[in-house]
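J.: Input file: query_33.txt. Contents: compact mmCIF, C-alpha atoms.
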# COMPACT_ATOMS: atom_id res chain seq x y z
CA MET M 1 72.84 -104.36 68.84
CA PHE M 2 75.21 -102.24 66.79
CA GLY M 3 78.31 -104.36 67.51
CA SER M 4 81.20 -103.47 69.77
CA LYS M 5 82.68 -100.12 69.06
CA LYS M 6 84.42 -97.62 71.25
CA ASN M 7 83.02 -94.29 72.41
CA ILE M 8 79.51 -94.77 71.18
CA MET M 9 77.60 -91.42 70.86
CA PRO M 10 74.06 -91.17 72.03
CA ILE M 11 71.37 -91.42 69.24
CA GLY M 12 70.21 -88.01 68.04
CA ASP M 13 73.34 -86.32 69.39
CA VAL M 14 75.77 -87.03 66.58
CA LYS M 15 78.82 -84.89 66.62
CA LYS M 16 82.13 -84.85 64.98
CA ALA M 17 84.86 -86.42 67.03
CA GLN M 18 87.34 -84.04 68.51
CA LEU M 19 90.95 -84.70 68.22
CA ASP M 20 92.50 -85.30 71.58
CA SER M 21 95.66 -83.74 72.69
CA LYS M 22 97.51 -86.72 71.29
CA GLY M 23 95.91 -86.20 67.88
CA VAL M 24 93.95 -89.34 68.21
CA ARG M 25 90.54 -89.11 66.40
CA ASP M 26 87.67 -90.48 68.26
CA GLU M 27 85.57 -92.76 66.13
CA VAL M 28 82.27 -91.35 65.03
CA TYR M 29 79.16 -93.40 65.05
CA VAL M 30 76.16 -92.33 62.95
CA MET M 31 72.54 -93.38 62.81
CA PRO M 32 71.74 -95.91 60.15
CA GLU M 33 70.64 -94.33 56.85
CA LYS M 34 67.17 -95.69 56.97
CA PHE M 35 66.47 -93.50 59.97
CA HIS M 36 67.59 -90.26 58.17
CA THR M 37 64.88 -87.59 57.30
CA GLN M 38 63.94 -87.92 53.55
CA LYS M 39 64.50 -84.80 51.29
CA PRO M 40 61.62 -83.75 49.08
CA SER M 41 61.69 -85.18 45.58
CA GLY M 42 61.81 -83.07 42.28
CA SER M 43 58.09 -83.59 41.45
CA SER M 44 57.00 -81.91 44.68
CA ASN M 45 58.99 -78.80 43.74
CA LYS M 46 57.26 -78.55 40.36
CA MET M 47 53.84 -78.69 41.93
CA ILE M 48 54.70 -75.78 44.19
CA VAL M 49 55.83 -73.66 41.21
CA VAL M 50 52.56 -74.33 39.30
CA VAL M 51 50.47 -73.33 42.31
CA VAL M 52 52.43 -70.09 42.68
CA ILE M 53 51.94 -69.22 38.99
CA ILE M 54 48.18 -69.79 39.18
CA VAL M 55 47.94 -67.58 42.26
CA LEU M 56 49.87 -64.82 40.42
CA ILE M 57 47.58 -65.03 37.37
CA ILE M 58 44.47 -64.74 39.55
CA ALA M 59 46.01 -61.72 41.32
CA VAL M 60 46.84 -59.99 38.00
CA VAL M 61 43.33 -60.55 36.57
CA ALA M 62 41.66 -59.31 39.75
CA GLY M 63 43.93 -56.26 39.85
CA SER M 64 43.28 -55.46 36.19
CA TYR M 65 39.55 -55.63 36.69
CA LEU M 66 39.72 -53.35 39.74
CA ILE M 67 41.87 -50.82 37.86
CA TYR M 68 39.52 -50.87 34.83
CA ASP M 69 36.48 -50.45 37.08
CA MET M 70 38.06 -47.47 38.82
CA TRP M 71 38.97 -45.95 35.43
CA GLN M 72 35.44 -46.39 34.10
CA SER M 73 33.83 -44.75 37.10
CA ASN M 74 36.11 -41.72 36.69
CA GLN M 75 35.09 -41.10 33.08
CA GLU M 76 32.75 -38.18 32.06
CA PRO M 77 29.38 -39.32 30.69
CA GLN M 78 29.94 -39.64 26.97
CA ASP M 79 27.59 -39.01 24.11
CA ASP M 80 27.22 -42.62 23.11
CA THR M 81 27.02 -43.76 19.58
CA ASN M 82 23.38 -42.81 19.69
CA GLN M 83 24.19 -39.15 19.08
CA ASN M 84 21.36 -37.48 17.27
CA VAL M 85 23.12 -35.67 14.48
CA ALA M 86 21.51 -32.33 13.91
CA THR M 87 19.59 -32.46 10.69
CA THR M 88 20.52 -29.71 8.31
CA ASN M 89 17.29 -29.62 6.31
CA THR M 90 18.67 -27.78 3.28
CA ASN M 91 15.15 -27.45 1.79
CA THR M 92 16.16 -26.20 -1.70
CA ASN M 93 12.77 -24.54 -2.76
CA ALA M 94 12.84 -24.01 -6.69
CA ASN M 95 12.69 -20.36 -5.36
CA ARG M 96 16.17 -20.42 -3.49
CA ASN M 97 14.71 -20.61 0.00
CA THR M 98 17.61 -20.60 2.48
CA ASN M 99 15.79 -22.44 5.31
CA ARG M 100 17.98 -21.80 8.36
CA ASN M 101 17.38 -25.06 10.28
CA VAL M 102 18.48 -24.17 13.83
CA ASN M 103 17.77 -27.70 15.16
CA ARG M 104 18.65 -27.35 18.85
CA ASN M 105 19.37 -31.04 19.69
CA THR M 106 19.40 -30.99 23.49
CA ASN M 107 20.01 -34.79 23.74
CA THR M 108 19.73 -35.42 27.49
CA ASN M 109 21.55 -38.86 27.13
CA THR M 110 21.65 -39.97 30.77
CA ASN M 111 23.99 -42.91 29.90
CA VAL M 112 23.75 -45.13 32.98
CA ASN M 113 26.92 -46.78 31.79
CA ASP M 114 26.57 -50.31 32.91
CA ASN M 115 26.63 -50.03 29.32
CA THR M 116 23.01 -50.81 29.78
CA ASN M 117 22.80 -47.59 27.83
CA VAL M 118 19.54 -46.40 29.29
CA ASN M 119 20.05 -43.52 26.85
CA THR M 120 16.92 -41.66 27.86
CA ASN M 121 17.49 -39.61 24.75
CA ASP M 122 14.48 -37.44 25.47
CA ASN M 123 15.15 -36.49 22.00
CA ALA M 124 14.44 -33.01 23.01
CA ASN M 125 15.69 -32.98 19.52
CA ASP M 126 12.02 -32.65 18.72
CA ASN M 127 13.80 -31.39 15.74
CA THR M 128 12.14 -28.30 16.93
CA ASN M 129 12.48 -27.85 13.32
CA VAL M 130 12.81 -24.22 13.99
CA ASN M 131 12.74 -24.58 10.33
CA ALA M 132 9.03 -24.33 10.96
CA ASN M 133 9.91 -23.37 7.56
CA ALA M 134 8.84 -20.06 8.73
CA ASN M 135 10.03 -20.65 5.40
CA ASP M 136 12.43 -17.91 5.91
CA ASN M 137 11.59 -17.86 2.38
CA THR M 138 8.00 -17.27 3.30
CA ASN M 139 8.12 -17.65 -0.34
CA THR M 140 6.44 -14.34 -0.46
CA ASN M 141 6.54 -15.53 -3.92
CA ASP M 142 9.64 -13.50 -4.33
CA ASN M 143 8.53 -14.07 -7.70
CA ALA M 144 6.23 -11.32 -6.72
CA ASN M 145 5.36 -12.11 -10.18
CA THR M 146 1.92 -11.82 -8.80
CA ASN M 147 1.79 -14.08 -11.71
CA ALA M 148 1.01 -11.02 -13.66
CA ASN M 149 3.97 -10.72 -15.96
CA GLU M 150 4.85 -14.32 -16.51
CA ASN M 151 1.27 -15.40 -17.02
CA ASP M 152 0.53 -12.44 -19.25
CA ASN M 153 3.63 -13.17 -21.25
CA VAL M 154 2.67 -16.82 -21.63
CA ASN M 155 -0.87 -15.80 -22.56
CA GLN M 156 0.53 -13.47 -25.20
CA LEU M 157 1.81 -16.55 -27.03
CA ILE M 158 -1.25 -18.80 -26.86
CA PRO M 159 -4.17 -17.91 -29.17
CA PRO M 160 -7.54 -18.48 -27.49
CA ILE M 161 -10.22 -20.75 -28.91
CA ILE M 162 -12.29 -18.92 -31.53
CA SER M 163 -16.04 -19.11 -30.98
CA GLY M 164 -18.08 -21.30 -33.34
CA ASP M 165 -18.41 -20.36 -37.04
CA ALA M 166 -20.91 -22.79 -38.58
CA ASP M 167 -20.64 -21.55 -42.19
CA ARG M 168 -16.92 -20.79 -42.01
CA ASP M 169 -17.24 -17.34 -43.54
CA GLY M 170 -14.89 -15.54 -41.11
CA LEU M 171 -17.64 -14.31 -38.79
CA THR M 172 -18.46 -16.28 -35.64
CA ASP M 173 -22.10 -17.20 -35.19
CA LEU M 174 -22.34 -14.54 -32.46
CA GLU M 175 -20.92 -11.90 -34.81
CA GLU M 176 -23.35 -12.91 -37.58
CA ALA M 177 -26.23 -12.24 -35.20
CA LEU M 178 -24.85 -8.76 -34.43
CA VAL M 179 -24.32 -7.60 -38.04
CA GLY M 180 -27.48 -9.29 -39.33
CA SER M 181 -25.87 -11.83 -41.69
CA SER M 182 -26.79 -15.51 -41.95
CA ALA M 183 -24.96 -18.01 -39.76
CA SER M 184 -25.76 -20.79 -42.24
CA SER M 185 -24.72 -19.01 -45.47
CA PRO M 186 -21.10 -17.89 -45.96
CA ASP M 187 -22.20 -15.21 -48.47
CA THR M 188 -25.46 -13.77 -47.18
CA ASP M 189 -25.98 -11.18 -49.98
CA GLN M 190 -24.75 -13.57 -52.68
CA ASP M 191 -22.33 -11.02 -54.16
CA GLY M 192 -19.40 -13.43 -54.35
CA TYR M 193 -17.64 -12.26 -51.19
CA LEU M 194 -17.59 -14.05 -47.84
CA ASP M 195 -19.43 -12.22 -45.07
CA GLY M 196 -16.28 -11.93 -42.91
CA ALA M 197 -14.21 -10.48 -45.76
CA GLU M 198 -16.88 -7.86 -46.44
CA VAL M 199 -16.97 -6.73 -42.81
CA LEU M 200 -13.16 -6.34 -42.71
CA ALA M 201 -13.23 -4.40 -45.98
CA GLY M 202 -15.90 -2.04 -44.57
CA TYR M 203 -18.87 -3.40 -46.49
CA ASN M 204 -22.28 -4.55 -45.32
CA PRO M 205 -22.51 -8.35 -45.78
CA VAL M 206 -26.30 -8.25 -45.78
CA VAL M 207 -26.87 -5.94 -48.77
CA SER M 208 -25.45 -6.55 -52.25
CA SER M 209 -24.17 -3.69 -54.39
CA LEU M 210 -26.37 -5.09 -57.11
CA GLU M 211 -29.41 -4.15 -55.03
CA GLY M 212 -28.25 -0.57 -54.69
CA GLY M 213 -28.81 -0.47 -50.91
CA LEU M 214 -26.60 0.81 -48.03
CA ILE M 215 -23.53 -1.23 -48.96
CA ARG M 216 -21.03 0.56 -46.68
CA LEU M 217 -20.70 -1.05 -43.25
CA LYS M 218 -20.77 2.33 -41.45
CA ASP M 219 -24.24 2.89 -42.91
CA SER M 220 -25.60 -0.37 -41.53
CA SER M 221 -28.28 -0.15 -38.85
CA SER M 222 -26.24 -2.51 -36.65
CA ILE M 223 -23.14 -0.29 -36.61
CA ASP M 224 -22.46 2.93 -34.67
CA LYS M 225 -19.58 5.39 -34.77
CA LEU M 226 -17.46 6.18 -31.73
CA ILE M 227 -16.04 9.73 -31.54
CA THR M 228 -13.99 10.98 -28.58
CA SER M 229 -14.28 14.50 -27.15
CA PHE M 230 -10.97 15.00 -25.38
CA PRO M 231 -9.40 18.50 -25.25
CA GLU M 232 -6.90 17.28 -27.86
CA ASN M 233 -5.71 14.17 -29.70
CA ASN M 234 -9.05 12.56 -30.43
CA PHE M 235 -10.01 9.57 -32.52
CA SER M 236 -12.97 7.77 -34.01
CA THR M 237 -13.86 4.23 -35.04
CA LEU M 238 -16.82 1.92 -35.68
CA TYR M 239 -18.37 -0.45 -33.14
CA ILE M 240 -21.54 -2.51 -32.62
CA LYS M 241 -24.59 -0.44 -31.78
CA GLY M 242 -25.79 -1.16 -28.25
CA TRP M 243 -22.36 -1.86 -26.77
CA SER M 244 -21.52 0.54 -23.94
CA ILE M 245 -18.81 3.20 -24.21
CA ASN M 246 -16.71 4.61 -21.37
CA LYS M 247 -14.37 7.53 -22.19
CA ILE M 248 -11.61 8.18 -19.63
CA GLU M 249 -10.08 11.58 -20.34
CA ALA M 250 -7.36 11.33 -17.65
CA LEU M 251 -5.96 8.19 -19.34
CA HIS M 252 -6.81 9.30 -22.86
CA GLU M 253 -8.56 5.97 -23.18
CA VAL M 254 -11.86 4.51 -24.36
CA ARG M 255 -13.38 1.24 -23.17
CA ILE M 256 -16.01 -0.59 -25.23
CA THR M 257 -17.94 -3.27 -23.34
CA THR M 258 -19.79 -5.98 -25.26
CA ALA M 259 -23.26 -7.22 -24.38
CA THR M 260 -21.67 -10.40 -23.02
CA GLY M 261 -19.11 -8.66 -20.77
CA GLU M 262 -15.88 -8.64 -22.82
CA MET M 263 -14.01 -5.33 -22.95
CA ILE M 264 -12.10 -3.69 -25.81
CA THR M 265 -9.73 -0.89 -24.74
CA ILE M 266 -8.27 1.77 -27.03
CA SER M 267 -5.42 3.93 -25.68
CA MET M 268 -2.40 5.86 -26.89
CA ILE M 269 1.02 6.86 -25.53
CA ASP M 270 3.81 9.11 -26.78
CA ASN M 271 6.44 7.24 -28.79
CA GLU M 272 9.41 9.03 -27.24
CA ASP M 273 12.01 6.72 -28.80
CA GLY M 274 10.43 6.83 -32.23
CA VAL M 275 10.46 3.04 -32.56
CA SER M 276 8.28 0.91 -34.78
CA ALA M 277 5.17 -0.68 -33.29
CA ALA M 278 6.79 -4.12 -33.57
CA ASN M 279 9.93 -3.04 -31.69
CA TYR M 280 7.83 -1.35 -29.02
CA TYR M 281 5.93 -4.58 -28.40
CA LEU M 282 9.02 -6.80 -28.49
CA SER M 283 10.86 -4.61 -25.96
CA GLY M 284 8.21 -5.47 -23.36
CA ASN M 285 7.79 -9.11 -24.41
CA THR M 286 11.29 -10.51 -24.75
CA GLN M 287 10.08 -14.10 -25.06
CA VAL M 288 8.40 -13.26 -28.38
CA THR M 289 10.24 -13.15 -31.71
CA LEU M 290 9.43 -10.93 -34.68
CA SER M 291 8.37 -13.95 -36.73
CA GLN M 292 5.55 -14.64 -34.26
CA LEU M 293 3.87 -11.28 -34.91
CA ASN M 294 1.17 -10.68 -37.52
CA ASP M 295 0.90 -7.42 -39.42
CA VAL M 296 -2.10 -5.12 -39.08
CA GLY M 297 -2.72 -1.60 -40.36
CA THR M 298 -4.99 1.08 -41.72
CA ASP M 299 -4.53 3.72 -44.42
CA THR M 300 -2.46 5.85 -42.03
CA LEU M 301 -1.19 3.45 -39.34
CA ALA M 302 1.01 0.33 -39.36
CA GLY M 303 1.61 -2.22 -36.66
CA VAL M 304 1.38 -5.78 -35.39
CA TYR M 305 -0.87 -8.19 -33.55
CA ALA M 306 0.46 -10.03 -30.51
CA PRO M 307 0.81 -13.80 -31.20
CA ASN M 308 -2.49 -14.55 -29.42
CA GLY M 309 -4.43 -11.96 -31.46
CA LEU M 310 -5.84 -10.27 -28.35
CA SER M 311 -3.84 -7.05 -28.63
CA ALA M 312 -2.51 -4.86 -31.42
CA TYR M 313 0.10 -2.07 -31.49
CA LEU M 314 0.19 0.54 -34.25
CA THR M 315 2.08 3.77 -34.92
CA ASP M 316 1.74 6.66 -37.35
CA GLU M 317 4.08 7.45 -40.21
CA ASN M 318 6.15 9.84 -38.07
CA ARG M 319 6.17 7.41 -35.13
CA GLU M 320 4.96 10.09 -32.73
CA ARG M 321 2.54 7.84 -30.85
CA ILE M 322 1.79 4.19 -30.15
CA TYR M 323 -1.90 3.23 -30.44
CA ILE M 324 -2.84 0.18 -28.37
CA PHE M 325 -5.92 -2.03 -28.83
CA GLU M 326 -6.60 -4.72 -26.24
CA TYR M 327 -9.33 -7.34 -26.03
CA ASP M 328 -10.19 -8.70 -22.55
CA LEU M 329 -11.93 -12.10 -22.65
CA ASP M 330 -13.46 -11.50 -19.18
CA ASP M 331 -12.32 -14.93 -17.91
CA ARG M 332 -13.94 -16.68 -20.85
CA ASP M 333 -12.28 -19.54 -22.71
CA GLU M 334 -13.22 -18.39 -26.19
CA PHE M 335 -12.63 -15.38 -28.45
CA ARG M 336 -16.23 -14.42 -29.38
CA TYR M 337 -15.76 -11.32 -31.53
CA PRO M 338 -12.37 -11.56 -33.32
CA THR M 339 -13.56 -10.03 -36.63
CA ILE M 340 -15.38 -7.14 -34.96
CA PHE M 341 -12.20 -6.45 -32.92
CA HIS M 342 -10.30 -6.31 -36.21
CA MET M 343 -13.01 -4.05 -37.69
CA ILE M 344 -12.58 -1.56 -34.82
CA ILE M 345 -8.83 -1.41 -35.54
CA GLU M 346 -9.26 -1.11 -39.32
CA ASN M 347 -11.69 1.82 -38.98
CA PHE M 348 -9.61 3.76 -36.41
CA GLU M 349 -8.81 7.39 -37.28
CA PHE M 350 -6.72 9.82 -35.21
CA PHE M 351 -7.20 13.63 -35.07
CA GLU M 352 -4.70 15.97 -33.42
CA GLY M 353 -7.31 18.56 -32.40
CA GLN M 354 -10.92 18.37 -31.33
CA ILE M 355 -13.60 16.66 -33.41
CA GLU M 356 -16.80 18.47 -34.25
CA THR M 357 -19.93 16.63 -35.30
CA ASP M 358 -23.24 17.81 -36.67
CA GLN M 359 -24.73 16.80 -33.32
CA GLY M 360 -22.25 18.73 -31.20
CA SER M 361 -18.65 18.32 -30.23
CA GLY M 362 -17.60 14.86 -29.15
CA THR M 363 -20.98 13.08 -29.36
CA ASN M 364 -21.94 9.86 -31.10
CA ALA M 365 -24.51 10.01 -33.85
CA SER M 366 -27.26 7.58 -33.00
CA ASP M 367 -27.66 6.49 -36.61
CA GLY M 368 -23.93 6.23 -37.27
CA SER M 369 -24.05 9.03 -39.83
CA ALA M 370 -22.24 11.74 -37.87
CA THR M 371 -19.82 13.84 -39.89
CA THR M 372 -16.48 14.86 -38.40
CA THR M 373 -14.38 17.94 -38.90
CA ALA M 374 -10.91 18.11 -37.41
CA THR M 375 -9.64 21.49 -36.28
CA SER M 376 -6.17 20.33 -37.30
CA THR M 377 -4.90 17.97 -39.96
CA SER M 378 -5.68 14.30 -39.35
CA THR M 379 -3.02 11.68 -39.82
Taking this structure as input, can you express it in the form of structure tokens?
T.:
Amino acid sequence: MFGSKKNIMPIGDVKKAQLDSKGVRDEVYVMPEKFHTQKPSGSSNKMIVVVVIIVLIIAVVAGSYLIYDMWQSNQEPQDDTNQNVATTNTNTNANRNTNRNVNRNTNTNTNVNDNTNVNTNDNANDNTNVNANANDNTNTNDNANTNANENDNVNQLIPPIISGDADRDGLTDLEEALVGSSASSPDTDQDGYLDGAEVLAGYNPVVSSLEGGLIRLKDSSSIDKLITSFPENNFSTLYIKGWSINKIEALHEVRITTATGEMITISMIDNEDGVSAANYYLSGNTQVTLSQLNDVGTDTLAGVYAPNGLSAYLTDENRERIYIFEYDLDDRDEFRYPTIFHMIIENFEFFEGQIETDQGSGTNASDGSATTTATSTST
């Protein structure tokens, strides 16, 4: 089948021929090429490489995930981005209230970290607002102000509403009724002077000098004379008959109460610094300027009205004392007796010693005609 050849080798047992001792090579017979085992082609090798690469990639990804998972499980629970930032509550209270906001934010944040963020956040933050504003400032109105000073000072600047004066003669209708003049005629006695001007000048607006009656105001049946009876440093003035008088010796003060409840207080203090009445007032009312004060005085005293007209401060020529006149509206909105208040100031007289009257020391004459004798020189 293969032709005649010498020394044919069995199939499947191909060997190289050995040289014999004579150096003669045996002929070698091989299997036909078509029966040889085929070597893998180049495309098969490429496929194997691709498969290996894919397997490696899958291994790397799986390993990375396992490493990340292990790392995550080893982490401490973190305050996630939901941290409740403690509120500082500065609470700036016009009054400088420091408001120490303790704000204990307990934030229980359970963080179940499947990143499902269960974040229980019990918000025990309750903002326990330990600020409870116990208002560290308790605002005890550090202003203590008790609104006294500031309100008084503001009130010193604002004149109250003057009670009605129908005939515009300088006396309110209520004052006209007290002194007996007409509320519909500005000059009741027809002497050419307005009723209010006559009262301030010390004249009776009801009786004309032409009639020859009791033309002095102190002689009027509606007017009484106030005389103090202190051990020393006494004074006198005119007031409306029927108004009550309260003399307080310990304070060296007299209080006149009107029939409608207002109170007029007369007091005096030593003028140790020898200042003028205006400077005394301004030293205690720094928000007031000298130009806002109105002058007031008598024959022997000089001073000023507060801007609202409800108080007056006077001093003597030697500036030994300050005499203070105050009108309390008794929570009323209107100034009912402004001219009578001025009359009391205008008719004020001071005596260094005791005052003797024809009805006994320190009494008020019921008819207003009491005579006074000072044991020492009056100012």
J.: What is the distance, in Å and to one decimal place, between CA of Leu293 (chain M) and CA of Ile322 (chain M)?
T.: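 Those two atoms sit 16.3 Å apart.
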J.: Please list as a PyMOL selection string every residue within 8 Å of region 327-333 of chain M, counting only C-alpha atoms and excluding residues in the same chain fewer than 6 positions away.
T.: chain M and resi 160-161+261-265+310-311+341
J.: Selection from above, C-alpha atoms, as an mmCIF file, in the frame of the given file, can you write it?
T.:
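Dumped everything to result20.cif:
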data_model
loop_
_atom_site.group_PDB
_atom_site.id
_atom_site.type_symbol
_atom_site.label_atom_id
_atom_site.label_comp_id
_atom_site.auth_asym_id
_atom_site.auth_seq_id
_atom_site.Cartn_x
_atom_site.Cartn_y
_atom_site.Cartn_z
ATOM 1 C CA PRO M 160 -7.540 -18.480 -27.490
ATOM 2 C CA ILE M 161 -10.220 -20.750 -28.910
ATOM 3 C CA GLY M 261 -19.110 -8.660 -20.770
ATOM 4 C CA GLU M 262 -15.880 -8.640 -22.820
ATOM 5 C CA MET M 263 -14.010 -5.330 -22.950
ATOM 6 C CA ILE M 264 -12.100 -3.690 -25.810
ATOM 7 C CA THR M 265 -9.730 -0.890 -24.740
ATOM 8 C CA LEU M 310 -5.840 -10.270 -28.350
ATOM 9 C CA SER M 311 -3.840 -7.050 -28.630
ATOM 10 C CA PHE M 341 -12.200 -6.450 -32.920
#
J.: Of the candidates M:Val61, M:Val179, M:Leu174, M:Val207, which one gets nearest to Gly192 (chain M) if we count all atoms listed in the file?
T.: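 Using all atoms listed in the file, the shortest distance to Gly192 (chain M) belongs to M:Val207.
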J.: How far is it from CA of Arg255 (chain M) to CA of Asn279 (chain M), in Å with one decimal?
T.: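 Atom-to-atom, CA of Arg255 (chain M) and CA of Asn279 (chain M) are spaced 25.2 Å apart.
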J.: Hey, which of M:Asn204, M:Ser267, M:Asn285, M:Ser276 ends up closest to Arg216 (chain M)? Count all atoms listed in the file.
T.: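 Of all the options, M:Asn204 lies closest to Arg216 (chain M).
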J.: Any idea what the distance is between CA of Thr257 (chain M) and CA of Leu238 (chain M)?
T.: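 Between CA of Thr257 (chain M) and CA of Leu238 (chain M) the gap works out to 13.4 Å.
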J.: Would you mind telling me which residue in M:Lys225, M:Pro159, M:Gly180, M:Thr300 lies nearest to Pro338 (chain M) when using all atoms listed in the file?
T.: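 Answer, going by the shortest atom-to-atom distance: M:Pro159.
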J.: Pick from M:Asn74, M:Ser229, M:Asn347, M:Ser163: nearest to Gly202 (chain M), with all atoms listed in the file counted?
T.: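 Looking at the shortest contact to Gly202 (chain M), the residue is M:Asn347.
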J.: Around (7.4, -1.2, -37.9) in the file's own coordinates, what residues are found within 12 Å if you use only C-alpha atoms, given back as a VMD selection string?
T.: chain M and resid 274 to 282 290 293 to 297 301 to 305 313 to 319 322
J.: Select, from M:Pro307, M:Gly63, M:Gly164, M:Pro205, the residue with the minimum atom-to-atom distance to Ser222 (chain M), counting all atoms listed in the file.
T.: M:Pro205
J.: Generate N, CA and C atoms for region 220-242 of chain M and emit them as a PDB file, in the coordinates of the input.
T.:
ATOM      1  N   SER M 220     -24.721   0.705 -41.976  1.00  0.00           N
ATOM      2  CA  SER M 220     -25.600  -0.370 -41.530  1.00  0.00           C
ATOM      3  C   SER M 220     -26.304   0.011 -40.231  1.00  0.00           C
ATOM      4  N   SER M 221     -27.501  -0.456 -40.054  1.00  0.00           N
ATOM      5  CA  SER M 221     -28.280  -0.150 -38.850  1.00  0.00           C
ATOM      6  C   SER M 221     -27.715  -0.837 -37.607  1.00  0.00           C
ATOM      7  N   SER M 222     -26.816  -1.804 -37.796  1.00  0.00           N
ATOM      8  CA  SER M 222     -26.240  -2.510 -36.650  1.00  0.00           C
ATOM      9  C   SER M 222     -24.917  -1.892 -36.185  1.00  0.00           C
ATOM     10  N   ILE M 223     -24.441  -0.894 -36.899  1.00  0.00           N
ATOM     11  CA  ILE M 223     -23.140  -0.290 -36.610  1.00  0.00           C
ATOM     12  C   ILE M 223     -23.289   1.147 -36.140  1.00  0.00           C
ATOM     13  N   ASP M 224     -22.470   1.544 -35.164  1.00  0.00           N
ATOM     14  CA  ASP M 224     -22.460   2.930 -34.670  1.00  0.00           C
ATOM     15  C   ASP M 224     -21.038   3.458 -34.767  1.00  0.00           C
ATOM     16  N   LYS M 225     -20.895   4.776 -34.677  1.00  0.00           N
ATOM     17  CA  LYS M 225     -19.580   5.390 -34.770  1.00  0.00           C
ATOM     18  C   LYS M 225     -19.192   5.988 -33.427  1.00  0.00           C
ATOM     19  N   LEU M 226     -18.003   5.648 -32.973  1.00  0.00           N
ATOM     20  CA  LEU M 226     -17.460   6.180 -31.730  1.00  0.00           C
ATOM     21  C   LEU M 226     -16.582   7.382 -32.042  1.00  0.00           C
ATOM     22  N   ILE M 227     -16.856   8.526 -31.356  1.00  0.00           N
ATOM     23  CA  ILE M 227     -16.040   9.730 -31.540  1.00  0.00           C
ATOM     24  C   ILE M 227     -15.696  10.270 -30.152  1.00  0.00           C
ATOM     25  N   THR M 228     -14.401  10.466 -29.886  1.00  0.00           N
ATOM     26  CA  THR M 228     -13.990  10.980 -28.580  1.00  0.00           C
ATOM     27  C   THR M 228     -14.129  12.497 -28.536  1.00  0.00           C
ATOM     28  N   SER M 229     -14.140  13.053 -27.322  1.00  0.00           N
ATOM     29  CA  SER M 229     -14.280  14.500 -27.150  1.00  0.00           C
ATOM     30  C   SER M 229     -13.255  15.022 -26.144  1.00  0.00           C
ATOM     31  N   PHE M 230     -12.028  14.541 -26.267  1.00  0.00           N
ATOM     32  CA  PHE M 230     -10.970  15.000 -25.380  1.00  0.00           C
ATOM     33  C   PHE M 230     -10.534  16.415 -25.794  1.00  0.00           C
ATOM     34  N   PRO M 231      -9.867  17.153 -24.896  1.00  0.00           N
ATOM     35  CA  PRO M 231      -9.400  18.500 -25.250  1.00  0.00           C
ATOM     36  C   PRO M 231      -8.485  18.488 -26.477  1.00  0.00           C
ATOM     37  N   GLU M 232      -7.767  17.402 -26.680  1.00  0.00           N
ATOM     38  CA  GLU M 232      -6.900  17.280 -27.860  1.00  0.00           C
ATOM     39  C   GLU M 232      -6.660  15.801 -28.131  1.00  0.00           C
ATOM     40  N   ASN M 233      -6.060  15.536 -29.298  1.00  0.00           N
ATOM     41  CA  ASN M 233      -5.710  14.170 -29.700  1.00  0.00           C
ATOM     42  C   ASN M 233      -6.886  13.212 -29.556  1.00  0.00           C
ATOM     43  N   ASN M 234      -7.852  13.396 -30.434  1.00  0.00           N
ATOM     44  CA  ASN M 234      -9.050  12.560 -30.430  1.00  0.00           C
ATOM     45  C   ASN M 234      -8.990  11.500 -31.529  1.00  0.00           C
ATOM     46  N   PHE M 235      -9.948  10.600 -31.493  1.00  0.00           N
ATOM     47  CA  PHE M 235     -10.010   9.570 -32.520  1.00  0.00           C
ATOM     48  C   PHE M 235     -11.437   9.094 -32.682  1.00  0.00           C
ATOM     49  N   SER M 236     -11.644   8.344 -33.759  1.00  0.00           N
ATOM     50  CA  SER M 236     -12.970   7.770 -34.010  1.00  0.00           C
ATOM     51  C   SER M 236     -12.788   6.355 -34.550  1.00  0.00           C
ATOM     52  N   THR M 237     -13.862   5.567 -34.478  1.00  0.00           N
ATOM     53  CA  THR M 237     -13.860   4.230 -35.040  1.00  0.00           C
ATOM     54  C   THR M 237     -15.300   3.720 -35.079  1.00  0.00           C
ATOM     55  N   LEU M 238     -15.495   2.535 -35.642  1.00  0.00           N
ATOM     56  CA  LEU M 238     -16.820   1.920 -35.680  1.00  0.00           C
ATOM     57  C   LEU M 238     -16.921   0.859 -34.588  1.00  0.00           C
ATOM     58  N   TYR M 239     -18.143   0.609 -34.125  1.00  0.00           N
ATOM     59  CA  TYR M 239     -18.370  -0.450 -33.140  1.00  0.00           C
ATOM     60  C   TYR M 239     -19.820  -0.913 -33.265  1.00  0.00           C
ATOM     61  N   ILE M 240     -20.191  -1.949 -32.548  1.00  0.00           N
ATOM     62  CA  ILE M 240     -21.540  -2.510 -32.620  1.00  0.00           C
ATOM     63  C   ILE M 240     -22.511  -1.647 -31.817  1.00  0.00           C
ATOM     64  N   LYS M 241     -23.578  -1.260 -32.454  1.00  0.00           N
ATOM     65  CA  LYS M 241     -24.590  -0.440 -31.780  1.00  0.00           C
ATOM     66  C   LYS M 241     -25.170  -1.224 -30.585  1.00  0.00           C
ATOM     67  N   GLY M 242     -25.268  -0.531 -29.451  1.00  0.00           N
ATOM     68  CA  GLY M 242     -25.790  -1.160 -28.250  1.00  0.00           C
ATOM     69  C   GLY M 242     -24.704  -1.520 -27.248  1.00  0.00           C
TER      70      GLY M 242
END
